[in-house]
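Notes follow once the structure below has been shown.
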Amino acid sequence: MKMICAGLALAIMAFAADQATIDRGHKEEQRTCLPCHSLRLIHSQRLSRAAWTKELDKMAGWGTKYQDRDALLEYLVATYGDDKPAIPAGLSLNGK
Amino acid sequence: MVTCEAMRTNRRELFAAALGIAAAAQSRGADDPVAIPGKRPLILHNDRPEDLETPVNLLQSYLTPVDSFFVRQHLLRPSPIEPEAHRITVNGMVGKPGQLSLADLRKLPQFTVPATLECTGNGRGFYSPKVPGIQWGRGAVGNAEWRGPRLGDVLKLVGADPKAAFVEFDGADAGLMSTPDFVRSMPMKKAMHPATLLALTMNGESPQIHGFPVRLIVPGWDGTSWVKWVTRISAAPEEGKGFFMNPGYRYPKYALPPGTPARPAELEVIEGMPVKSTITAPEDQSKAPAGAVAIRGFAWAGEQAVERVEVSTDGGSKWRDAELVSPKLPFAWRQFRLDWKPPEPGFYTILSRATDTAGRVQPFVPAWNPSGYLWNGIDRVGVTVEKTA
């Protein structure tokens, strides 16, 4: 049983990005995305790895200079992947 | 944007301002709610730039108040514009190129057009599989009275060449870094349509967030065509080639299997909008007391008028006509109503289905497309009718 658990843990580690990479990706998001737009735009979406890759390509074309692109992709897939439940957008505060 | 130098300065300033805002944004939670000046609480998809959706229970009046009207920005909003200093450059295939002021536009005959403005991606969130882009639900739509001179009169004033097949529009917004500028073009035929305006007001107001002092009004066409803060009008022999014309805002000529990539050669510019209806009451997943339930909503059909709205209270088994309570006009929505007496308590699925004057009917299953445009599926709300105490 212990052997199976250890094997399973190894398998999961092999497929899922490690926390350190995700943390680096989070920093990269702050550094490269936030200058041009707020992050709700990202956090409201649930996309596949292929679709996030395409978005990163698009933003590179629009002038984004990544320092840690691979980590950013892992962070997006791990946090806002298409297997994650969507959270409905909330209301703004009263601006009147 | 008028000159390259002005554009560069503008972009530098925008970028510097954006970095300042970004630094401020980092100090609080990225997804904490914020207030958008002039707007009551709306569904906040993004705040910089502003992308706000109206909860449909606020869409109960024929004209949507400015404080509840949805907002879609592609790029950061330009700095505040002094209306009297604002100029529109007119060039390309015109006899009298130059600049127009608001005073010039006010001298032309003024027209009022009620028209429904809908984001091209309204309903994107309902497509499966999901597609990238703002996950709009049902409320990226509103109806207003737009007032200003006809674009056709402006084109005549500057002597537009009848051989110019397209007219291109730029607004005061500019992309950061190498983000493409938001430039759109449309066929001369639509530009010369008597309902196509350069609006100076919306419901009597001139809110900057909605593109004033001058906004292009293209009744019956998707919101993307309605360029905000118009700064340039060019008559041209060909359709514009910018990002927001191609590949942006295109729709497959032939329907694709859901989830498959676009075929770039088979994408077409979107012109006009489909027939559609939205239920504003009862609210989805709400409870209703036994007795009478007021079913309310609106329907619209691009360049057509709405002919009929049917409602089902049993998930689509039986349908009956709702009463249409506002004028039958092209471009503007029609409100519908049906007072329904539920036969017994329990959960009901209420549906609405519109038909327009061209005979188009809302489908059960809108065609999936890679950018999630033009959702117009039969609308649906669920309501639980409670037992009488």
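Residues are named by chain letter and number: chains run A, B, ... in the order of the structure tokens, numbers start at 1 in each chain, and ligands are numbered from 1 in the order shown.
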Check: which chain B residues lie within 8 Å of chain A using only C-alpha atoms, as a short mmCIF file (atom, residue, chain, number, x, y, z; two decimals) with N, CA, C and O atoms, in the first residue's frame:
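Output (iface_0.cif):
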```
data_model
loop_
_atom_site.label_atom_id
_atom_site.label_comp_id
_atom_site.auth_asym_id
_atom_site.auth_seq_id
_atom_site.Cartn_x
_atom_site.Cartn_y
_atom_site.Cartn_z
N PHE B 15 1.60 54.53 -20.81
CA PHE B 15 2.35 53.44 -20.21
C PHE B 15 2.83 53.83 -18.81
O PHE B 15 2.73 53.07 -17.87
N ALA B 18 -0.06 53.73 -16.62
CA ALA B 18 -0.43 52.34 -16.37
C ALA B 18 0.47 51.70 -15.32
O ALA B 18 0.02 50.99 -14.44
N LEU B 19 1.76 52.02 -15.39
CA LEU B 19 2.69 51.45 -14.40
C LEU B 19 2.34 51.94 -13.00
O LEU B 19 2.40 51.18 -12.05
N ILE B 21 -0.63 52.83 -11.95
CA ILE B 21 -1.86 52.12 -11.53
C ILE B 21 -1.51 50.69 -11.15
O ILE B 21 -2.00 50.15 -10.17
N ALA B 22 -0.60 50.10 -11.94
CA ALA B 22 -0.22 48.71 -11.68
C ALA B 22 0.39 48.58 -10.29
O ALA B 22 0.09 47.65 -9.56
N ALA B 25 -2.26 48.68 -7.85
CA ALA B 25 -3.08 47.47 -7.89
C ALA B 25 -2.41 46.32 -7.13
O ALA B 25 -3.07 45.47 -6.56
N GLN B 26 -1.06 46.32 -7.15
CA GLN B 26 -0.36 45.23 -6.48
C GLN B 26 -0.55 45.26 -4.97
O GLN B 26 -0.43 44.26 -4.30
N ALA B 30 -5.80 41.44 -6.34
CA ALA B 30 -6.06 41.70 -7.76
C ALA B 30 -7.54 41.56 -8.10
O ALA B 30 -8.02 42.17 -9.04
N ASP B 31 -8.27 40.76 -7.36
CA ASP B 31 -9.67 40.49 -7.71
C ASP B 31 -10.66 41.10 -6.72
O ASP B 31 -11.83 40.77 -6.75
N PRO B 33 -13.31 43.74 -5.33
CA PRO B 33 -14.21 44.62 -6.09
C PRO B 33 -13.76 46.08 -6.03
O PRO B 33 -13.18 46.52 -5.04
N VAL B 34 -14.01 46.79 -7.10
CA VAL B 34 -13.70 48.23 -7.16
C VAL B 34 -14.93 48.95 -7.70
O VAL B 34 -15.83 48.33 -8.27
N ALA B 35 -14.98 50.27 -7.51
CA ALA B 35 -16.08 51.07 -8.05
C ALA B 35 -15.66 51.65 -9.39
O ALA B 35 -14.50 52.00 -9.58
N ILE B 36 -16.59 51.72 -10.33
CA ILE B 36 -16.32 52.36 -11.62
C ILE B 36 -17.13 53.67 -11.61
O ILE B 36 -18.37 53.63 -11.55
N PRO B 37 -16.45 54.81 -11.66
CA PRO B 37 -17.16 56.09 -11.54
C PRO B 37 -18.33 56.22 -12.51
O PRO B 37 -18.21 55.92 -13.69
N GLY B 38 -19.47 56.65 -11.98
CA GLY B 38 -20.66 56.87 -12.80
C GLY B 38 -21.52 55.63 -12.97
O GLY B 38 -22.61 55.71 -13.54
N LYS B 39 -21.03 54.48 -12.50
CA LYS B 39 -21.76 53.23 -12.70
C LYS B 39 -22.26 52.65 -11.37
O LYS B 39 -21.52 52.62 -10.39
N ARG B 40 -23.49 52.19 -11.39
CA ARG B 40 -23.96 51.45 -10.22
C ARG B 40 -23.33 50.06 -10.24
O ARG B 40 -22.62 49.74 -11.18
N PRO B 41 -23.55 49.26 -9.21
CA PRO B 41 -22.88 47.94 -9.21
C PRO B 41 -23.27 47.10 -10.44
O PRO B 41 -24.45 46.85 -10.69
N LEU B 42 -22.26 46.74 -11.22
CA LEU B 42 -22.45 45.93 -12.43
C LEU B 42 -21.49 44.75 -12.34
O LEU B 42 -20.55 44.75 -11.54
N ILE B 43 -21.73 43.75 -13.18
CA ILE B 43 -20.86 42.56 -13.17
C ILE B 43 -19.48 42.98 -13.69
O ILE B 43 -19.35 43.48 -14.81
N LEU B 44 -18.48 42.79 -12.83
CA LEU B 44 -17.15 43.34 -13.10
C LEU B 44 -16.27 42.27 -13.74
O LEU B 44 -15.70 41.43 -13.04
N HIS B 45 -16.16 42.30 -15.05
CA HIS B 45 -15.28 41.34 -15.74
C HIS B 45 -13.85 41.85 -15.74
O HIS B 45 -12.90 41.07 -15.71
N ASN B 46 -13.70 43.16 -15.83
CA ASN B 46 -12.36 43.75 -15.78
C ASN B 46 -12.50 45.22 -15.43
O ASN B 46 -13.53 45.82 -15.74
N ASP B 47 -11.49 45.77 -14.76
CA ASP B 47 -11.59 47.18 -14.38
C ASP B 47 -10.59 48.07 -15.08
O ASP B 47 -10.76 49.27 -15.14
N ARG B 48 -9.51 47.51 -15.63
CA ARG B 48 -8.51 48.32 -16.34
C ARG B 48 -8.08 47.56 -17.57
O ARG B 48 -7.22 46.70 -17.45
N PRO B 49 -8.63 47.76 -18.75
CA PRO B 49 -9.73 48.70 -19.02
C PRO B 49 -11.06 48.14 -18.53
O PRO B 49 -11.15 46.96 -18.15
N ASP B 67 -26.13 54.87 -16.28
CA ASP B 67 -25.43 54.32 -15.10
C ASP B 67 -25.51 52.79 -15.01
O ASP B 67 -24.81 52.18 -14.21
N LYS B 130 -15.24 26.06 -23.89
CA LYS B 130 -14.97 27.47 -23.63
C LYS B 130 -13.99 28.03 -24.63
O LYS B 130 -13.11 27.32 -25.13
N VAL B 131 -14.14 29.32 -24.91
CA VAL B 131 -13.18 29.98 -25.80
C VAL B 131 -12.60 31.18 -25.06
O VAL B 131 -13.24 31.72 -24.15
N PRO B 132 -11.38 31.60 -25.44
CA PRO B 132 -10.77 32.75 -24.76
C PRO B 132 -11.57 34.02 -25.00
O PRO B 132 -12.26 34.15 -26.00
N GLY B 133 -11.45 34.94 -24.06
CA GLY B 133 -12.16 36.21 -24.17
C GLY B 133 -13.00 36.42 -22.93
O GLY B 133 -13.15 35.51 -22.10
N ILE B 134 -13.54 37.61 -22.79
CA ILE B 134 -14.35 37.91 -21.60
C ILE B 134 -15.57 36.99 -21.61
O ILE B 134 -16.23 36.83 -22.63
N GLN B 135 -15.81 36.40 -20.46
CA GLN B 135 -16.89 35.40 -20.37
C GLN B 135 -18.22 36.09 -20.09
O GLN B 135 -18.83 35.94 -19.03
N LEU B 176 -1.08 49.98 -25.72
CA LEU B 176 0.22 50.08 -25.06
C LEU B 176 1.22 49.20 -25.79
O LEU B 176 0.87 48.19 -26.38
N MET B 177 2.48 49.58 -25.70
CA MET B 177 3.56 48.85 -26.37
C MET B 177 3.18 48.61 -27.82
O MET B 177 2.79 49.54 -28.51
N SER B 178 3.21 47.36 -28.32
CA SER B 178 2.83 47.17 -29.72
C SER B 178 1.43 46.60 -29.86
O SER B 178 1.11 45.96 -30.87
N THR B 179 0.57 46.79 -28.85
CA THR B 179 -0.83 46.38 -28.98
C THR B 179 -1.44 47.15 -30.15
O THR B 179 -1.29 48.37 -30.23
N PRO B 180 -2.12 46.47 -31.07
CA PRO B 180 -2.64 47.19 -32.24
C PRO B 180 -3.68 48.24 -31.87
O PRO B 180 -4.41 48.07 -30.90
#
```
Taking the backbone alone, and naming residues the way the document does, which bits of range 17-161 of chain B are alpha helix (DSSP H) by DSSP, as a PyMOL selection string?
chain B and resi 17-26+102-107+151-157
Would you export the selected residues with N, CA, C and O atoms as a JSON list (two decimals), in the first residue's frame, please?
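Result file out.json:
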```json
[["chain", "number", "residue", "atom", "x", "y", "z"],
["B", 17, "ALA", "N", 1.43, 56.03, -16.89],
["B", 17, "ALA", "CA", 0.23, 56.05, -16.03],
["B", 17, "ALA", "C", -0.14, 54.63, -15.65],
["B", 17, "ALA", "O", -0.45, 54.34, -14.49],
["B", 18, "ALA", "N", -0.06, 53.73, -16.62],
["B", 18, "ALA", "CA", -0.43, 52.34, -16.37],
["B", 18, "ALA", "C", 0.47, 51.70, -15.32],
["B", 18, "ALA", "O", 0.02, 50.99, -14.44],
["B", 19, "LEU", "N", 1.76, 52.02, -15.39],
["B", 19, "LEU", "CA", 2.69, 51.45, -14.40],
["B", 19, "LEU", "C", 2.34, 51.94, -13.00],
["B", 19, "LEU", "O", 2.40, 51.18, -12.05],
["B", 20, "GLY", "N", 1.96, 53.21, -12.90],
["B", 20, "GLY", "CA", 1.55, 53.76, -11.61],
["B", 20, "GLY", "C", 0.34, 53.04, -11.07],
["B", 20, "GLY", "O", 0.31, 52.64, -9.90],
["B", 21, "ILE", "N", -0.63, 52.83, -11.95],
["B", 21, "ILE", "CA", -1.86, 52.12, -11.53],
["B", 21, "ILE", "C", -1.51, 50.69, -11.15],
["B", 21, "ILE", "O", -2.00, 50.15, -10.17],
["B", 22, "ALA", "N", -0.60, 50.10, -11.94],
["B", 22, "ALA", "CA", -0.22, 48.71, -11.68],
["B", 22, "ALA", "C", 0.39, 48.58, -10.29],
["B", 22, "ALA", "O", 0.09, 47.65, -9.56],
["B", 23, "ALA", "N", 1.24, 49.55, -9.94],
["B", 23, "ALA", "CA", 1.88, 49.50, -8.63],
["B", 23, "ALA", "C", 0.82, 49.59, -7.53],
["B", 23, "ALA", "O", 0.87, 48.85, -6.55],
["B", 24, "ALA", "N", -0.16, 50.46, -7.75],
["B", 24, "ALA", "CA", -1.24, 50.60, -6.77],
["B", 24, "ALA", "C", -2.04, 49.31, -6.68],
["B", 24, "ALA", "O", -2.43, 48.87, -5.60],
["B", 25, "ALA", "N", -2.26, 48.68, -7.85],
["B", 25, "ALA", "CA", -3.08, 47.47, -7.89],
["B", 25, "ALA", "C", -2.41, 46.32, -7.13],
["B", 25, "ALA", "O", -3.07, 45.47, -6.56],
["B", 26, "GLN", "N", -1.06, 46.32, -7.15],
["B", 26, "GLN", "CA", -0.36, 45.23, -6.48],
["B", 26, "GLN", "C", -0.55, 45.26, -4.97],
["B", 26, "GLN", "O", -0.43, 44.26, -4.30],
["B", 102, "LEU", "N", -16.79, 69.81, -33.09],
["B", 102, "LEU", "CA", -18.16, 69.48, -32.68],
["B", 102, "LEU", "C", -19.13, 70.53, -33.18],
["B", 102, "LEU", "O", -20.27, 70.23, -33.52],
["B", 103, "ALA", "N", -18.65, 71.80, -33.26],
["B", 103, "ALA", "CA", -19.52, 72.88, -33.78],
["B", 103, "ALA", "C", -19.91, 72.56, -35.22],
["B", 103, "ALA", "O", -21.08, 72.77, -35.62],
["B", 104, "ASP", "N", -18.97, 72.06, -36.01],
["B", 104, "ASP", "CA", -19.28, 71.68, -37.40],
["B", 104, "ASP", "C", -20.35, 70.58, -37.41],
["B", 104, "ASP", "O", -21.26, 70.60, -38.25],
["B", 105, "LEU", "N", -20.23, 69.63, -36.51],
["B", 105, "LEU", "CA", -21.20, 68.51, -36.49],
["B", 105, "LEU", "C", -22.57, 69.01, -36.02],
["B", 105, "LEU", "O", -23.60, 68.53, -36.49],
["B", 106, "ARG", "N", -22.59, 69.97, -35.11],
["B", 106, "ARG", "CA", -23.86, 70.49, -34.59],
["B", 106, "ARG", "C", -24.61, 71.30, -35.63],
["B", 106, "ARG", "O", -25.83, 71.44, -35.54],
["B", 107, "LYS", "N", -23.88, 71.84, -36.63],
["B", 107, "LYS", "CA", -24.53, 72.64, -37.69],
["B", 107, "LYS", "C", -25.34, 71.78, -38.64],
["B", 107, "LYS", "O", -26.22, 72.27, -39.33],
["B", 151, "LEU", "N", -23.86, 60.22, -40.45],
["B", 151, "LEU", "CA", -22.53, 60.06, -41.02],
["B", 151, "LEU", "C", -22.57, 60.41, -42.52],
["B", 151, "LEU", "O", -21.66, 61.02, -43.05],
["B", 152, "GLY", "N", -23.68, 60.02, -43.18],
["B", 152, "GLY", "CA", -23.83, 60.30, -44.61],
["B", 152, "GLY", "C", -23.75, 61.79, -44.90],
["B", 152, "GLY", "O", -23.14, 62.21, -45.89],
["B", 153, "ASP", "N", -24.34, 62.63, -44.04],
["B", 153, "ASP", "CA", -24.28, 64.08, -44.23],
["B", 153, "ASP", "C", -22.85, 64.59, -44.06],
["B", 153, "ASP", "O", -22.42, 65.51, -44.76],
["B", 154, "VAL", "N", -22.13, 63.99, -43.11],
["B", 154, "VAL", "CA", -20.74, 64.39, -42.90],
["B", 154, "VAL", "C", -19.91, 64.02, -44.13],
["B", 154, "VAL", "O", -19.09, 64.81, -44.61],
["B", 155, "LEU", "N", -20.15, 62.83, -44.67],
["B", 155, "LEU", "CA", -19.38, 62.39, -45.85],
["B", 155, "LEU", "C", -19.70, 63.27, -47.05],
["B", 155, "LEU", "O", -18.81, 63.56, -47.86],
["B", 156, "LYS", "N", -20.96, 63.69, -47.17],
["B", 156, "LYS", "CA", -21.32, 64.61, -48.27],
["B", 156, "LYS", "C", -20.63, 65.96, -48.08],
["B", 156, "LYS", "O", -20.11, 66.55, -49.03],
["B", 157, "LEU", "N", -20.62, 66.43, -46.83],
["B", 157, "LEU", "CA", -20.00, 67.72, -46.50],
["B", 157, "LEU", "C", -18.54, 67.77, -46.95],
["B", 157, "LEU", "O", -18.07, 68.79, -47.44]]
```
Any chance you could list, as number ranges by chain, the residues in range 135-373 of chain B that come up strand (DSSP E or B) when DSSP is run on the backbone?
B: 141-150, 160, 166-171, 183-187, 197-199, 201-202, 205, 215-217, 230-236, 250-252, 267-269, 276-281, 286-288, 293-301, 304, 306-312, 320-321, 323-324, 334-340, 346-356, 361
Name the residues in contact with Gln19 in chain A at a cut-off of 10 Å, using only C-alpha atoms, excluding same-chain residues fewer than 5 positions from it; report them as an mmCIF file with N, CA, C and O atoms, in the first residue's frame.
```
data_model
loop_
_atom_site.group_PDB
_atom_site.id
_atom_site.type_symbol
_atom_site.label_atom_id
_atom_site.label_comp_id
_atom_site.auth_asym_id
_atom_site.auth_seq_id
_atom_site.Cartn_x
_atom_site.Cartn_y
_atom_site.Cartn_z
ATOM 1 N N ARG A 24 6.696 31.193 -9.105
ATOM 2 C CA ARG A 24 7.465 32.027 -10.054
ATOM 3 C C ARG A 24 6.540 32.560 -11.145
ATOM 4 O O ARG A 24 6.663 33.710 -11.566
ATOM 5 N N GLY A 25 5.630 31.708 -11.578
ATOM 6 C CA GLY A 25 4.662 32.119 -12.602
ATOM 7 C C GLY A 25 3.778 33.251 -12.103
ATOM 8 O O GLY A 25 3.450 34.178 -12.850
ATOM 9 N N GLU A 74 2.838 27.483 -16.662
ATOM 10 C CA GLU A 74 2.499 26.444 -15.669
ATOM 11 C C GLU A 74 1.537 26.995 -14.616
ATOM 12 O O GLU A 74 0.593 26.317 -14.201
ATOM 13 N N TYR A 75 1.784 28.221 -14.182
ATOM 14 C CA TYR A 75 0.909 28.878 -13.202
ATOM 15 C C TYR A 75 -0.512 29.031 -13.765
ATOM 16 O O TYR A 75 -1.505 28.735 -13.088
ATOM 17 N N ALA A 78 -2.190 25.613 -14.072
ATOM 18 C CA ALA A 78 -2.483 25.032 -12.758
ATOM 19 C C ALA A 78 -3.609 25.789 -12.049
ATOM 20 O O ALA A 78 -4.365 25.205 -11.272
#
```
Might you pull out every residue within 12 Å of Ser317 in chain B, with only C-alpha atoms counted and same-chain residues fewer than 6 positions away left off, and present them as a list of chain:residue names?
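Skipping anything fewer than 6 positions along the chain leaves B:Glu310, B:Val311, B:Tyr348, B:Thr349, B:Ile350, B:Leu351.
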Residues near Val167 in chain B, cut-off 6 Å, only C-alpha atoms, skip fewer than 4 positions along chain, as a list in words:
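The residues that qualify are Ser185, Met186, Met188, Ser234, Ala235 and Ala236 of chain B.
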Could you tell me how far CA of Leu329 in chain B lies from CA of Ala281 in chain B, in Å and to one decimal?
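Between CA of Leu329 in chain B and CA of Ala281 in chain B the gap works out to 22.8 Å.
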For Leu56 in chain A, please output as a list in words all residues within 9 Å (counting only C-alpha atoms; exclusion window: fewer than 6 positions along the same chain).
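In the requested format, the answer is Thr64, Arg69, Leu72 and Leu73 of chain A.
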Selection near Asn143 in chain B, 8 Å with only C-alpha atoms, sequence-local residues under 5 positions removed, as an mmCIF file with C-alpha atoms, in the first residue's frame:
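As written to disk, selection-v8.cif reads:
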```cif
data_model
loop_
_atom_site.group_PDB
_atom_site.id
_atom_site.type_symbol
_atom_site.label_atom_id
_atom_site.label_comp_id
_atom_site.auth_asym_id
_atom_site.auth_seq_id
_atom_site.Cartn_x
_atom_site.Cartn_y
_atom_site.Cartn_z
ATOM 1 C CA TYR B 62 -37.119 50.526 -22.766
ATOM 2 C CA LEU B 63 -34.123 52.863 -22.566
ATOM 3 C CA THR B 64 -31.209 51.614 -20.494
ATOM 4 C CA PRO B 114 -33.232 54.349 -30.781
ATOM 5 C CA ALA B 115 -30.937 51.355 -31.193
ATOM 6 C CA THR B 116 -29.760 48.338 -29.251
ATOM 7 C CA LEU B 117 -26.026 48.091 -28.698
ATOM 8 C CA ALA B 332 -34.133 48.756 -31.289
ATOM 9 C CA TRP B 333 -35.279 46.044 -28.932
#
```
Please indicate the distance in Å from CA of Ala292 in chain B to CA of Gly142 in chain B, rounded to one decimal place.
27.5 Å
Calculate how many Å separate CA of Asp314 in chain B from CA of Pro366 in chain B, rounding to one decimal.
20.9 Å
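Of the residues under consideration (A:Lys65, A:Ala71, A:Tyr80, A:Ala50), A:Ala71 shows the shortest atom-to-atom contact distance to Ala17 in chain A when counting only C-alpha atoms.
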